[in-house]
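J.: Here you go, coords-v1.txt (compact mmCIF, C-alpha atoms and all ligand atoms):
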# COMPACT_ATOMS: atom_id res chain seq x y z
CA MET A 1 -44.81 77.07 -90.72
CA THR A 2 -47.27 75.66 -88.19
CA THR A 3 -49.63 78.02 -86.45
CA PRO A 4 -49.87 77.37 -82.72
CA THR A 5 -53.38 76.47 -81.64
CA HIS A 6 -55.40 78.10 -78.91
CA THR A 7 -54.77 75.05 -76.73
CA GLN A 8 -51.04 75.47 -77.20
CA ALA A 9 -51.37 79.12 -76.27
CA LEU A 10 -53.09 78.25 -73.03
CA ARG A 11 -50.50 75.56 -72.42
CA VAL A 12 -47.71 78.12 -72.69
CA ILE A 13 -49.44 80.37 -70.19
CA THR A 14 -50.05 77.50 -67.78
CA ASP A 15 -46.46 76.33 -68.05
CA ALA A 16 -45.24 79.82 -67.39
CA GLU A 17 -47.31 80.07 -64.26
CA ASP A 18 -46.16 76.66 -63.06
CA HIS A 19 -42.44 76.78 -63.73
CA LEU A 20 -41.28 80.39 -64.02
CA ALA A 21 -39.91 82.19 -61.01
CA GLU A 22 -42.13 85.17 -60.32
CA ASN A 23 -39.50 87.87 -60.64
CA TYR A 24 -41.78 89.60 -63.18
CA ASN A 25 -45.49 90.26 -63.27
CA PRO A 26 -46.10 90.37 -67.05
CA LEU A 27 -49.22 91.68 -68.70
CA PRO A 28 -51.53 88.85 -69.84
CA VAL A 29 -50.39 88.54 -73.45
CA VAL A 30 -48.34 85.75 -75.06
CA VAL A 31 -46.36 87.21 -77.95
CA ALA A 32 -45.48 84.81 -80.75
CA ARG A 33 -44.28 87.00 -83.64
CA GLY A 34 -42.92 90.47 -84.20
CA GLU A 35 -42.35 92.68 -87.21
CA GLY A 36 -41.35 96.32 -87.10
CA SER A 37 -43.46 98.12 -84.50
CA TRP A 38 -46.02 95.32 -84.22
CA VAL A 39 -46.26 92.00 -82.42
CA THR A 40 -48.82 89.22 -82.77
CA ASP A 41 -50.07 86.95 -80.00
CA LEU A 42 -50.72 83.23 -80.28
CA GLU A 43 -54.30 83.83 -81.38
CA GLY A 44 -53.30 86.22 -84.15
CA LYS A 45 -54.25 89.46 -82.41
CA ARG A 46 -51.90 92.34 -83.25
CA TYR A 47 -50.49 94.90 -80.83
CA LEU A 48 -48.47 98.06 -81.35
CA ASP A 49 -45.34 97.63 -79.22
CA LEU A 50 -44.80 100.93 -77.43
CA LEU A 51 -42.28 99.48 -74.97
CA SER A 52 -39.66 98.10 -77.39
CA ALA A 53 -38.26 95.86 -74.65
CA TYR A 54 -37.29 98.95 -72.65
CA SER A 55 -35.50 100.45 -75.69
CA ALA A 56 -33.66 97.26 -76.65
CA LEU A 57 -35.80 97.20 -79.82
CA ASN A 58 -35.05 100.73 -81.01
CA PHE A 59 -34.99 99.49 -84.61
CA GLY A 60 -38.15 97.45 -84.20
CA HIS A 61 -38.70 93.72 -84.38
CA GLY A 62 -36.73 91.90 -87.04
CA HIS A 63 -35.17 94.87 -88.79
CA PRO A 64 -34.05 93.36 -92.14
CA ALA A 65 -30.56 94.88 -92.07
CA ILE A 66 -29.85 93.61 -88.56
CA LEU A 67 -31.36 90.20 -89.28
CA ALA A 68 -29.20 89.90 -92.38
CA ALA A 69 -26.03 90.61 -90.38
CA ALA A 70 -27.07 88.06 -87.75
CA HIS A 71 -27.99 85.35 -90.27
CA GLU A 72 -24.75 85.78 -92.17
CA GLN A 73 -22.69 85.53 -88.99
CA LEU A 74 -24.76 82.70 -87.49
CA ASP A 75 -23.75 80.41 -90.33
CA ARG A 76 -20.08 81.34 -90.16
CA LEU A 77 -18.89 81.69 -86.55
CA THR A 78 -20.75 82.41 -83.30
CA LEU A 79 -18.40 82.05 -80.36
CA THR A 80 -14.68 81.89 -79.76
CA SER A 81 -14.31 83.23 -76.20
CA ARG A 82 -11.73 85.96 -75.76
CA ALA A 83 -9.01 83.32 -75.43
CA PHE A 84 -8.70 83.80 -79.19
CA GLN A 85 -9.35 86.74 -81.48
CA ASN A 86 -12.25 86.75 -83.90
CA ASP A 87 -12.61 88.61 -87.16
CA ARG A 88 -15.67 90.68 -86.11
CA LEU A 89 -14.82 92.13 -82.71
CA GLY A 90 -12.12 94.53 -83.85
CA LEU A 91 -14.39 95.99 -86.54
CA PHE A 92 -17.22 96.44 -84.03
CA ALA A 93 -14.89 98.12 -81.52
CA GLU A 94 -13.46 100.44 -84.18
CA ALA A 95 -16.93 101.50 -85.35
CA LEU A 96 -18.36 101.96 -81.84
CA ALA A 97 -15.32 103.90 -80.64
CA ALA A 98 -15.73 106.21 -83.65
CA LEU A 99 -19.46 106.69 -82.96
CA CYS A 100 -18.57 107.69 -79.38
CA ASP A 101 -15.45 109.66 -80.43
CA LYS A 102 -13.45 107.60 -77.91
CA ASP A 103 -10.41 105.31 -78.13
CA LEU A 104 -11.42 102.00 -76.58
CA VAL A 105 -14.36 99.63 -76.24
CA LEU A 106 -14.75 96.89 -73.62
CA PRO A 107 -17.57 94.55 -74.72
CA MET A 108 -19.83 92.73 -72.26
CA ASN A 109 -23.34 91.26 -72.54
CA THR A 110 -25.96 92.81 -70.29
CA GLY A 111 -26.40 96.39 -69.18
CA ALA A 112 -25.74 95.51 -65.55
CA GLU A 113 -22.39 94.04 -66.60
CA ALA A 114 -21.49 97.27 -68.36
CA VAL A 115 -22.31 99.19 -65.16
CA GLU A 116 -20.26 96.76 -63.05
CA THR A 117 -17.40 97.13 -65.53
CA GLY A 118 -17.67 100.91 -65.37
CA ILE A 119 -17.42 100.77 -61.58
CA LYS A 120 -14.35 98.49 -61.74
CA VAL A 121 -12.69 100.75 -64.29
CA ALA A 122 -13.42 103.83 -62.18
CA ARG A 123 -11.98 102.21 -59.07
CA ALA A 124 -8.84 100.99 -60.86
CA TRP A 125 -8.42 104.45 -62.42
CA GLY A 126 -8.90 105.99 -58.97
CA TYR A 127 -6.08 103.93 -57.45
CA ARG A 128 -3.69 103.73 -60.39
CA VAL A 129 -4.07 107.17 -61.93
CA LYS A 130 -5.67 109.52 -59.42
CA GLY A 131 -3.81 108.04 -56.45
CA ILE A 132 -6.73 107.32 -54.12
CA ALA A 133 -5.71 105.34 -50.99
CA PRO A 134 -6.27 101.56 -51.25
CA ASP A 135 -9.94 100.48 -50.93
CA ALA A 136 -11.10 104.05 -50.27
CA ALA A 137 -12.56 104.90 -53.71
CA THR A 138 -16.15 106.09 -53.86
CA VAL A 139 -18.66 106.65 -56.64
CA VAL A 140 -21.36 109.33 -56.45
CA VAL A 141 -24.76 108.18 -57.78
CA ALA A 142 -28.21 109.77 -57.98
CA ASN A 143 -31.36 109.05 -55.99
CA GLY A 144 -33.97 107.30 -58.09
CA ASN A 145 -31.29 105.59 -60.16
CA PHE A 146 -31.72 102.35 -62.05
CA HIS A 147 -28.51 100.69 -63.17
CA GLY A 148 -29.45 97.01 -63.13
CA ARG A 149 -29.97 94.11 -60.75
CA THR A 150 -26.63 92.76 -59.56
CA THR A 151 -25.79 92.72 -55.84
CA THR A 152 -23.44 95.71 -56.04
CA ILE A 153 -25.86 97.78 -58.12
CA VAL A 154 -28.99 97.16 -56.04
CA GLY A 155 -27.00 98.22 -52.98
CA PHE A 156 -27.12 101.85 -54.14
CA SER A 157 -30.72 101.78 -55.37
CA ASP A 158 -33.32 103.60 -53.27
CA ASP A 159 -36.19 101.58 -54.74
CA PRO A 160 -37.18 99.19 -51.89
CA THR A 161 -38.34 96.52 -54.36
CA ALA A 162 -34.93 96.45 -56.03
CA HIS A 163 -32.93 96.89 -52.82
CA ASP A 164 -34.50 95.37 -49.72
CA ASP A 165 -33.38 91.96 -48.41
CA PHE A 166 -30.48 91.65 -50.84
CA GLY A 167 -27.75 92.96 -48.53
CA PRO A 168 -25.11 93.13 -47.24
CA TYR A 169 -24.44 95.90 -49.72
CA SER A 170 -21.16 96.98 -51.29
CA ALA A 171 -19.49 99.98 -49.71
CA GLY A 172 -18.22 102.95 -51.65
CA PHE A 173 -21.35 104.65 -53.01
CA VAL A 174 -22.83 108.02 -52.07
CA SER A 175 -26.28 108.96 -53.37
CA VAL A 176 -27.48 112.53 -53.90
CA PRO A 177 -30.68 114.03 -55.38
CA PHE A 178 -30.97 113.68 -59.18
CA GLY A 179 -30.87 116.95 -61.09
CA ASP A 180 -28.90 118.76 -58.36
CA ALA A 181 -25.35 119.42 -59.55
CA ALA A 182 -24.42 121.30 -56.36
CA ALA A 183 -25.25 118.16 -54.35
CA ILE A 184 -22.82 116.21 -56.49
CA GLU A 185 -20.08 118.74 -55.92
CA ALA A 186 -20.75 118.70 -52.17
CA ALA A 187 -20.47 114.89 -52.13
CA ILE A 188 -17.10 114.84 -53.89
CA ASP A 189 -13.93 114.48 -51.83
CA GLU A 190 -10.38 113.26 -52.46
CA ASN A 191 -11.61 109.64 -52.56
CA THR A 192 -14.21 110.18 -55.27
CA ALA A 193 -13.34 108.23 -58.41
CA ALA A 194 -16.49 108.82 -60.44
CA VAL A 195 -19.95 110.25 -60.77
CA LEU A 196 -22.34 107.68 -62.26
CA ILE A 197 -25.65 109.00 -63.61
CA GLU A 198 -28.33 108.31 -66.16
CA PRO A 199 -28.59 111.49 -68.27
CA ILE A 200 -32.35 110.87 -68.19
CA GLN A 201 -33.70 108.44 -65.61
CA GLY A 202 -35.68 105.80 -67.50
CA GLU A 203 -36.98 103.34 -64.94
CA ALA A 204 -37.80 106.24 -62.60
CA GLY A 205 -40.37 107.33 -65.21
CA VAL A 206 -38.41 109.21 -67.87
CA VAL A 207 -37.24 111.88 -65.44
CA ILE A 208 -35.46 114.67 -67.31
CA PRO A 209 -33.01 116.76 -65.27
CA PRO A 210 -33.12 120.56 -65.43
CA GLU A 211 -31.42 122.11 -68.47
CA GLY A 212 -27.75 122.67 -67.71
CA TYR A 213 -27.44 119.79 -65.22
CA LEU A 214 -25.32 117.58 -67.46
CA ARG A 215 -23.06 120.50 -68.39
CA ALA A 216 -22.63 121.34 -64.71
CA VAL A 217 -21.84 117.72 -63.82
CA ARG A 218 -19.31 117.63 -66.65
CA GLU A 219 -17.60 120.76 -65.35
CA ILE A 220 -17.59 119.58 -61.74
CA CYS A 221 -16.06 116.25 -62.72
CA SER A 222 -13.34 117.96 -64.74
CA THR A 223 -12.57 120.44 -61.96
CA HIS A 224 -12.24 117.74 -59.29
CA ASN A 225 -10.50 115.10 -61.43
CA VAL A 226 -13.44 112.71 -61.18
CA LEU A 227 -14.71 110.51 -64.02
CA MET A 228 -18.13 111.32 -65.43
CA ILE A 229 -19.81 108.01 -66.26
CA ALA A 230 -23.02 108.27 -68.29
CA ASP A 231 -25.31 105.25 -68.16
CA GLU A 232 -26.80 105.58 -71.65
CA ILE A 233 -28.03 101.99 -71.68
CA GLN A 234 -31.68 103.01 -72.09
CA ALA A 235 -31.37 106.68 -73.09
CA GLY A 236 -28.69 106.28 -75.73
CA LEU A 237 -28.46 105.06 -79.33
CA GLY A 238 -31.06 107.33 -80.90
CA ARG A 239 -33.89 107.12 -78.38
CA VAL A 240 -33.98 110.81 -77.44
CA GLY A 241 -33.39 112.22 -80.92
CA THR A 242 -29.61 112.35 -80.62
CA THR A 243 -27.05 109.52 -80.63
CA PHE A 244 -26.58 109.93 -76.87
CA ALA A 245 -28.75 111.70 -74.31
CA CYS A 246 -25.64 113.64 -73.22
CA ASP A 247 -25.60 115.19 -76.73
CA ARG A 248 -28.71 117.17 -75.76
CA GLU A 249 -26.43 119.39 -73.69
CA GLY A 250 -23.35 118.97 -75.87
CA VAL A 251 -21.70 117.00 -73.08
CA VAL A 252 -19.12 114.25 -73.57
CA PRO A 253 -18.74 112.00 -70.51
CA ASP A 254 -15.47 110.25 -69.75
CA VAL A 255 -17.19 106.87 -69.90
CA TYR A 256 -20.23 105.74 -71.87
CA LEU A 257 -22.15 102.69 -70.68
CA LEU A 258 -24.15 101.19 -73.53
CA GLY A 259 -26.45 98.21 -73.85
CA LYS A 260 -30.02 97.37 -74.77
CA ALA A 261 -30.39 98.64 -78.39
CA LEU A 262 -26.72 97.89 -79.06
CA GLY A 263 -27.76 94.25 -79.48
CA GLY A 264 -30.23 95.19 -82.22
CA GLY A 265 -33.11 93.51 -80.39
CA ILE A 266 -31.53 90.15 -81.19
CA LEU A 267 -29.06 89.39 -78.42
CA PRO A 268 -27.57 90.93 -75.30
CA LEU A 269 -24.63 93.21 -76.07
CA SER A 270 -23.25 95.94 -73.86
CA ALA A 271 -20.09 98.00 -73.86
CA VAL A 272 -18.00 100.42 -71.87
CA VAL A 273 -16.48 103.07 -74.10
CA ALA A 274 -13.80 105.51 -72.99
CA ASP A 275 -10.44 106.97 -73.92
CA ARG A 276 -7.20 105.05 -73.44
CA ASP A 277 -6.15 107.04 -70.35
CA VAL A 278 -9.23 105.64 -68.57
CA LEU A 279 -10.13 102.25 -70.04
CA GLY A 280 -6.46 101.48 -70.58
CA VAL A 281 -6.08 100.94 -66.83
CA ILE A 282 -7.57 97.44 -67.17
CA ARG A 283 -4.82 94.86 -67.71
CA PRO A 284 -5.08 91.38 -69.24
CA GLY A 285 -6.84 88.94 -66.93
CA GLU A 286 -8.40 91.56 -64.66
CA HIS A 287 -11.85 91.53 -66.25
CA GLY A 288 -13.76 89.49 -68.78
CA SER A 289 -16.77 87.52 -69.87
CA THR A 290 -17.06 84.22 -71.73
CA PHE A 291 -19.65 85.58 -74.14
CA GLY A 292 -18.55 89.24 -74.11
CA GLY A 293 -17.42 90.31 -77.57
CA ASN A 294 -18.52 87.10 -79.27
CA PRO A 295 -18.51 87.30 -83.08
CA LEU A 296 -22.29 86.98 -83.45
CA ALA A 297 -22.89 89.87 -81.06
CA ALA A 298 -20.09 91.87 -82.65
CA ALA A 299 -21.59 91.40 -86.13
CA VAL A 300 -24.99 92.56 -84.89
CA GLY A 301 -23.47 95.45 -82.92
CA LEU A 302 -21.44 96.53 -85.94
CA ARG A 303 -24.60 96.70 -88.05
CA VAL A 304 -26.38 98.69 -85.32
CA VAL A 305 -23.53 101.19 -85.18
CA GLU A 306 -23.54 101.48 -89.00
CA MET A 307 -27.27 102.21 -88.89
CA LEU A 308 -26.69 105.01 -86.38
CA GLU A 309 -23.89 106.62 -88.41
CA SER A 310 -26.14 108.45 -90.86
CA GLY A 311 -28.23 110.09 -88.12
CA GLU A 312 -31.44 108.96 -89.84
CA PHE A 313 -32.90 107.23 -86.77
CA GLN A 314 -31.91 110.07 -84.47
CA THR A 315 -33.64 112.62 -86.74
CA ARG A 316 -36.70 110.42 -86.92
CA ALA A 317 -36.84 110.08 -83.13
CA ALA A 318 -36.57 113.86 -82.72
CA ALA A 319 -39.33 114.64 -85.22
CA LEU A 320 -41.70 111.91 -84.07
CA GLY A 321 -40.95 112.83 -80.47
CA GLU A 322 -42.19 116.37 -81.04
CA HIS A 323 -45.28 114.98 -82.68
CA LEU A 324 -45.89 112.61 -79.76
CA GLU A 325 -45.26 115.31 -77.17
CA ALA A 326 -47.92 117.57 -78.70
CA ARG A 327 -50.47 114.73 -78.71
CA LEU A 328 -49.68 113.70 -75.14
CA ASN A 329 -49.79 117.26 -73.83
CA ASP A 330 -53.39 117.39 -75.02
CA LEU A 331 -54.19 114.70 -72.44
CA VAL A 332 -52.87 116.63 -69.44
CA GLY A 333 -55.88 117.44 -67.29
CA SER A 334 -57.90 114.62 -68.86
CA GLY A 335 -56.74 111.66 -66.81
CA VAL A 336 -53.06 112.59 -67.07
CA THR A 337 -51.37 114.77 -64.46
CA ALA A 338 -47.99 115.23 -66.16
CA VAL A 339 -46.07 114.21 -69.25
CA ARG A 340 -42.29 114.11 -69.72
CA VAL A 341 -41.01 113.58 -73.24
CA ALA A 342 -37.45 113.30 -74.58
CA GLY A 343 -37.30 112.29 -78.22
CA LEU A 344 -39.41 109.20 -78.71
CA TRP A 345 -39.54 108.42 -75.01
CA ALA A 346 -42.27 109.45 -72.60
CA GLY A 347 -43.30 109.12 -68.98
CA ILE A 348 -47.01 109.70 -68.50
CA ASP A 349 -48.32 110.20 -64.96
CA ILE A 350 -51.84 108.84 -64.64
CA ASP A 351 -54.38 110.64 -62.46
CA PRO A 352 -55.06 108.25 -59.54
CA GLY A 353 -58.77 109.01 -60.00
CA VAL A 354 -58.59 107.16 -63.33
CA GLY A 355 -56.70 104.14 -62.01
CA THR A 356 -53.18 102.84 -61.56
CA GLY A 357 -50.54 102.68 -64.28
CA ARG A 358 -51.00 98.93 -64.34
CA GLU A 359 -54.77 99.24 -64.87
CA VAL A 360 -54.23 101.66 -67.75
CA ALA A 361 -51.62 99.30 -69.25
CA GLU A 362 -54.09 96.39 -69.06
CA LYS A 363 -56.85 98.40 -70.72
CA LEU A 364 -54.47 99.54 -73.45
CA LEU A 365 -53.47 95.91 -73.94
CA SER A 366 -57.08 94.97 -74.63
CA ARG A 367 -57.15 97.78 -77.23
CA GLY A 368 -54.00 96.51 -78.95
CA VAL A 369 -51.35 98.79 -77.42
CA LEU A 370 -48.45 97.50 -75.33
CA VAL A 371 -47.02 99.80 -72.66
CA LYS A 372 -45.47 99.24 -69.23
CA ASP A 373 -46.27 100.88 -65.94
CA THR A 374 -43.54 101.98 -63.56
CA HIS A 375 -43.67 103.13 -59.93
CA GLY A 376 -47.45 102.84 -59.57
CA GLN A 377 -48.91 105.83 -61.40
CA THR A 378 -46.63 106.22 -64.39
CA ILE A 379 -46.72 104.55 -67.77
CA ARG A 380 -43.60 104.65 -69.86
CA ILE A 381 -43.59 104.49 -73.62
CA ALA A 382 -40.59 103.96 -75.87
CA PRO A 383 -41.87 103.13 -79.36
CA PRO A 384 -39.54 101.58 -81.90
CA LEU A 385 -37.85 104.42 -83.80
CA VAL A 386 -39.36 102.96 -87.00
CA VAL A 387 -42.92 103.67 -85.79
CA ARG A 388 -45.14 105.84 -88.02
CA ALA A 389 -46.76 109.11 -86.93
CA THR A 390 -50.19 107.68 -87.79
CA GLU A 391 -49.52 104.70 -85.52
CA LEU A 392 -48.58 107.02 -82.66
CA ASP A 393 -51.77 109.01 -83.26
CA TRP A 394 -53.83 105.83 -83.14
CA ALA A 395 -52.13 104.72 -79.90
CA VAL A 396 -52.66 108.10 -78.22
CA GLU A 397 -56.32 107.91 -79.27
CA GLN A 398 -56.58 104.49 -77.55
CA LEU A 399 -55.07 106.06 -74.43
CA ARG A 400 -57.57 108.93 -74.62
CA VAL A 401 -60.45 106.45 -74.77
CA VAL A 402 -59.05 104.41 -71.83
CA LEU A 403 -58.59 107.54 -69.72
CA ALA A 404 -62.12 108.69 -70.48
CA GLY A 405 -63.28 105.37 -68.93
C1 LIG A 501 -31.88 98.33 -68.41
C2 LIG A 501 -30.87 99.20 -67.77
C3 LIG A 501 -29.72 98.67 -67.16
C4 LIG A 501 -29.50 97.19 -67.01
O1 LIG A 501 -29.48 96.50 -68.22
P1 LIG A 501 -29.72 94.91 -68.25
O2 LIG A 501 -29.37 94.52 -69.64
O3 LIG A 501 -31.15 94.68 -67.90
O4 LIG A 501 -28.79 94.32 -67.22
C5 LIG A 501 -28.79 99.56 -66.67
N1 LIG A 501 -28.98 100.88 -66.74
C6 LIG A 501 -30.07 101.42 -67.30
C7 LIG A 501 -30.21 102.91 -67.38
C8 LIG A 501 -31.07 100.61 -67.82
O5 LIG A 501 -32.18 101.14 -68.34
Starting from the file, give its structure as structure tokens.
T.:
Amino acid sequence: MTTPTHTQALRVITDAEDHLAENYNPLPVVVARGEGSWVTDLEGKRYLDLLSAYSALNFGHGHPAILAAAHEQLDRLTLTSRAFQNDRLGLFAEALAALCDKDLVLPMNTGAEAVETGIKVARAWGYRVKGIAPDAATVVVANGNFHGRTTTIVGFSDDPTAHDDFGPYSAGFVSVPFGDAAAIEAAIDENTAAVLIEPIQGEAGVVIPPEGYLRAVREICSTHNVLMIADEIQAGLGRVGTTFACDREGVVPDVYLLGKALGGGILPLSAVVADRDVLGVIRPGEHGSTFGGNPLAAAVGLRVVEMLESGEFQTRAAALGEHLEARLNDLVGSGVTAVRVAGLWAGIDIDPGVGTGREVAEKLLSRGVLVKDTHGQTIRIAPPLVVRATELDWAVEQLRVVLAG
């Protein structure tokens, strides 16, 4: 094991600046190792990772059980394409379907692909089952949404940075205020195939809808024969203290979109999960992905699902979330204007008098805490679900010091 030198570290940074497209503006830290809730930079400085790759690292860096599944599969078989069957995919699909209490799983790679797949499924269902006139199907979405970065998806984003200059945009989307079930009902007509929402809006700053919203959306969708599609890519898989964020209101959507943590922090793995009367509309050849459902991803995904079966991580997220919420609420009025917490997931609005979210993130970085700003004044934290209460306390103390200037 060779330790990279300081010169090498600088070299990496310089190379990144010279040859990487600037589609991100990363904080100035070069991470070289990760274990559990902690990462280490090239110079050996340790940081508590409170972002968890936007919830893709729900189980922390290098969780031994997930690593073991990956190593075992890596040596045996990694890729077949879906032209052939492989001996892992069926097991993964069976386990994930059971976790979701649904019939079928369609595996893809990235979250955006799961969303795209969900839209295709909804449209095909709209024409073939609901009887919508050809090319007339619409999907109702929510203002402030984040569903990924493909050309179709950015077309219905209202974030100018995500949206502007990437048109022409796909037709067939109607956007209404988030948290307003009546607005969804008003937007539905005979051509509506689906309502696509995040049960909690992550990128928007962990925006939690009013209690009863998800139940109302569920009822409206059932009444009007419209599919309820829940984008649980960031909110799901234990993050909010339940397996899915929809569980908080006892709601079962028609379609789950999953990603991020499904890949165990090791590889991209996403899935669309629904019952046969919905997902069964897709016929052979109509949709696919070269890497989707590959045996390495399936082995990792199977282990992730097994880890979620006992409820241990969900319980942990719920308990630690309450702990975190109490600590963060103490900061309101002292450099923080508002805090929104769901399980182990928080949006913290920074008082502009203290600085921007980015400035707070940079100061926290220098104190060994990794967070990410969003939309100017908000910092979002999503610690690995394996984090300790004492580590959260320490991190909140660093935030208190930064806010005090
Ligand atoms: C991250 C995210 C996506 C997109 O996932 P990618 O893997 O980055 O394509 C979609 N929806 C939500 C809610 C997300 O947080």
J.: Within 7 Å of ligand LIG 501 (chain A) (counting only C-alpha atoms and all ligand atoms), which residues show up? I'd like them as a PDB file with C-alpha atoms, keeping the file's coordinate frame.
T.:
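File part21.pdb, as written:
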ATOM      1  CA  TYR A  54     -37.290  98.950 -72.650  1.00  0.00           C
ATOM      2  CA  THR A 110     -25.960  92.810 -70.290  1.00  0.00           C
ATOM      3  CA  GLY A 111     -26.400  96.390 -69.180  1.00  0.00           C
ATOM      4  CA  ALA A 112     -25.740  95.510 -65.550  1.00  0.00           C
ATOM      5  CA  GLU A 113     -22.390  94.040 -66.600  1.00  0.00           C
ATOM      6  CA  VAL A 115     -22.310  99.190 -65.160  1.00  0.00           C
ATOM      7  CA  PHE A 146     -31.720 102.350 -62.050  1.00  0.00           C
ATOM      8  CA  HIS A 147     -28.510 100.690 -63.170  1.00  0.00           C
ATOM      9  CA  GLY A 148     -29.450  97.010 -63.130  1.00  0.00           C
ATOM     10  CA  ARG A 149     -29.970  94.110 -60.750  1.00  0.00           C
ATOM     11  CA  GLU A 198     -28.330 108.310 -66.160  1.00  0.00           C
ATOM     12  CA  GLN A 201     -33.700 108.440 -65.610  1.00  0.00           C
ATOM     13  CA  GLY A 202     -35.680 105.800 -67.500  1.00  0.00           C
ATOM     14  CA  GLU A 203     -36.980 103.340 -64.940  1.00  0.00           C
ATOM     15  CA  ASP A 231     -25.310 105.250 -68.160  1.00  0.00           C
ATOM     16  CA  GLU A 232     -26.800 105.580 -71.650  1.00  0.00           C
ATOM     17  CA  ILE A 233     -28.030 101.990 -71.680  1.00  0.00           C
ATOM     18  CA  GLN A 234     -31.680 103.010 -72.090  1.00  0.00           C
ATOM     19  CA  ALA A 235     -31.370 106.680 -73.090  1.00  0.00           C
ATOM     20  CA  GLY A 259     -26.450  98.210 -73.850  1.00  0.00           C
ATOM     21  CA  LYS A 260     -30.020  97.370 -74.770  1.00  0.00           C
ATOM     22  CA  PRO A 268     -27.570  90.930 -75.300  1.00  0.00           C
TER      23      PRO A 268
END
J.: Report the distance between CA of Ser37 (chain A) and CA of Ser52 (chain A) in Å, rounded to one decimal place.
T.: 8.1 Å
J.: What is the distance, in Å and to one decimal place, between CA of Val387 (chain A) and CA of Leu67 (chain A)?
T.: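 About the pair CA of Val387 (chain A) and CA of Leu67 (chain A): they are 18.1 Å apart.
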J.: Quick one, how far is CA of Thr151 (chain A) from CA of Gly118 (chain A)?
T.: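 Result for CA of Thr151 (chain A) versus CA of Gly118 (chain A): 15.0 Å, one decimal.
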J.: Of the candidates A:Glu362, A:Glu190, A:Asp101, A:Asp75, which one gets nearest to Tyr127 (chain A) if we count only C-alpha atoms?
T.: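 Among A:Glu362, A:Glu190, A:Asp101, A:Asp75, it is A:Glu190 that comes nearest to Tyr127 (chain A).
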J.: Using all atoms listed in the file - which residues lie no farther than 8 Å from the point (-34.7, 109.4, -80.8) in the file's frame? Write them as number ranges by chain.
T.: A: 237-243, 313-318, 321, 342-345, 385
J.: Just to be explicit: take each residue in the selection above, keep C-alpha atoms, and write the result as an mmCIF file, in the coordinates of the input.
T.:
data_model
loop_
_atom_site.group_PDB
_atom_site.id
_atom_site.type_symbol
_atom_site.label_atom_id
_atom_site.label_comp_id
_atom_site.auth_asym_id
_atom_site.auth_seq_id
_atom_site.Cartn_x
_atom_site.Cartn_y
_atom_site.Cartn_z
ATOM 1 C CA LEU A 237 -28.460 105.060 -79.330
ATOM 2 C CA GLY A 238 -31.060 107.330 -80.900
ATOM 3 C CA ARG A 239 -33.890 107.120 -78.380
ATOM 4 C CA VAL A 240 -33.980 110.810 -77.440
ATOM 5 C CA GLY A 241 -33.390 112.220 -80.920
ATOM 6 C CA THR A 242 -29.610 112.350 -80.620
ATOM 7 C CA THR A 243 -27.050 109.520 -80.630
ATOM 8 C CA PHE A 313 -32.900 107.230 -86.770
ATOM 9 C CA GLN A 314 -31.910 110.070 -84.470
ATOM 10 C CA THR A 315 -33.640 112.620 -86.740
ATOM 11 C CA ARG A 316 -36.700 110.420 -86.920
ATOM 12 C CA ALA A 317 -36.840 110.080 -83.130
ATOM 13 C CA ALA A 318 -36.570 113.860 -82.720
ATOM 14 C CA GLY A 321 -40.950 112.830 -80.470
ATOM 15 C CA ALA A 342 -37.450 113.300 -74.580
ATOM 16 C CA GLY A 343 -37.300 112.290 -78.220
ATOM 17 C CA LEU A 344 -39.410 109.200 -78.710
ATOM 18 C CA TRP A 345 -39.540 108.420 -75.010
ATOM 19 C CA LEU A 385 -37.850 104.420 -83.800
#
J.: Write out as a count of residues only the residues lying within 8 Å of region 176-179 of chain A, counting only C-alpha atoms and excluding same-chain residues fewer than 5 positions away.
T.: 10
J.: For Tyr47 (chain A), find every residue with an atom within 9 Å (counting only C-alpha atoms), except residues of its own chain fewer than 3 positions away, and show them as a list in words.
T.: Ser37, Trp38, Val39, Thr40, Asp41, Leu50, Leu365, Arg367, Gly368, Val369 and Leu370 of chain A
J.: Near Asn191 (chain A), counting all atoms listed in the file, which residues have an atom at most 9 Å away, once you skip same-chain residues fewer than 5 positions from it, shown as an mmCIF file with C-alpha atoms, in the frame of the given file?
T.:
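Result saved to out-v1.cif:
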data_model
loop_
_atom_site.group_PDB
_atom_site.id
_atom_site.type_symbol
_atom_site.label_atom_id
_atom_site.label_comp_id
_atom_site.auth_asym_id
_atom_site.auth_seq_id
_atom_site.Cartn_x
_atom_site.Cartn_y
_atom_site.Cartn_z
ATOM 1 C CA GLY A 126 -8.900 105.990 -58.970
ATOM 2 C CA GLY A 131 -3.810 108.040 -56.450
ATOM 3 C CA ILE A 132 -6.730 107.320 -54.120
ATOM 4 C CA ALA A 133 -5.710 105.340 -50.990
ATOM 5 C CA ALA A 136 -11.100 104.050 -50.270
ATOM 6 C CA ALA A 137 -12.560 104.900 -53.710
ATOM 7 C CA THR A 138 -16.150 106.090 -53.860
ATOM 8 C CA VAL A 139 -18.660 106.650 -56.640
#
J.: Compile the contact shell of Val129 (chain A) as a ChimeraX atom specification: residues with an atom at most 9 Å away, counting all atoms listed in the file, same-chain residues fewer than 6 positions apart removed.
T.: /A:277-278,281
J.: From (-44.7, 103.2, -60.4), in the file's coordinates, out to 9 Å: which residues are reached, counting all atoms listed in the file? Answer as a PyMOL selection string.
T.: chain A and resi 203-205+356-358+373-379
J.: Show me, as a PyMOL selection string, the residues that have an atom within 7 Å of region 252-257 of chain A when counting only C-alpha atoms, minus same-chain residues fewer than 2 positions from it.
T.: chain A and resi 114-115+218+227-233+246+250+259+271-274
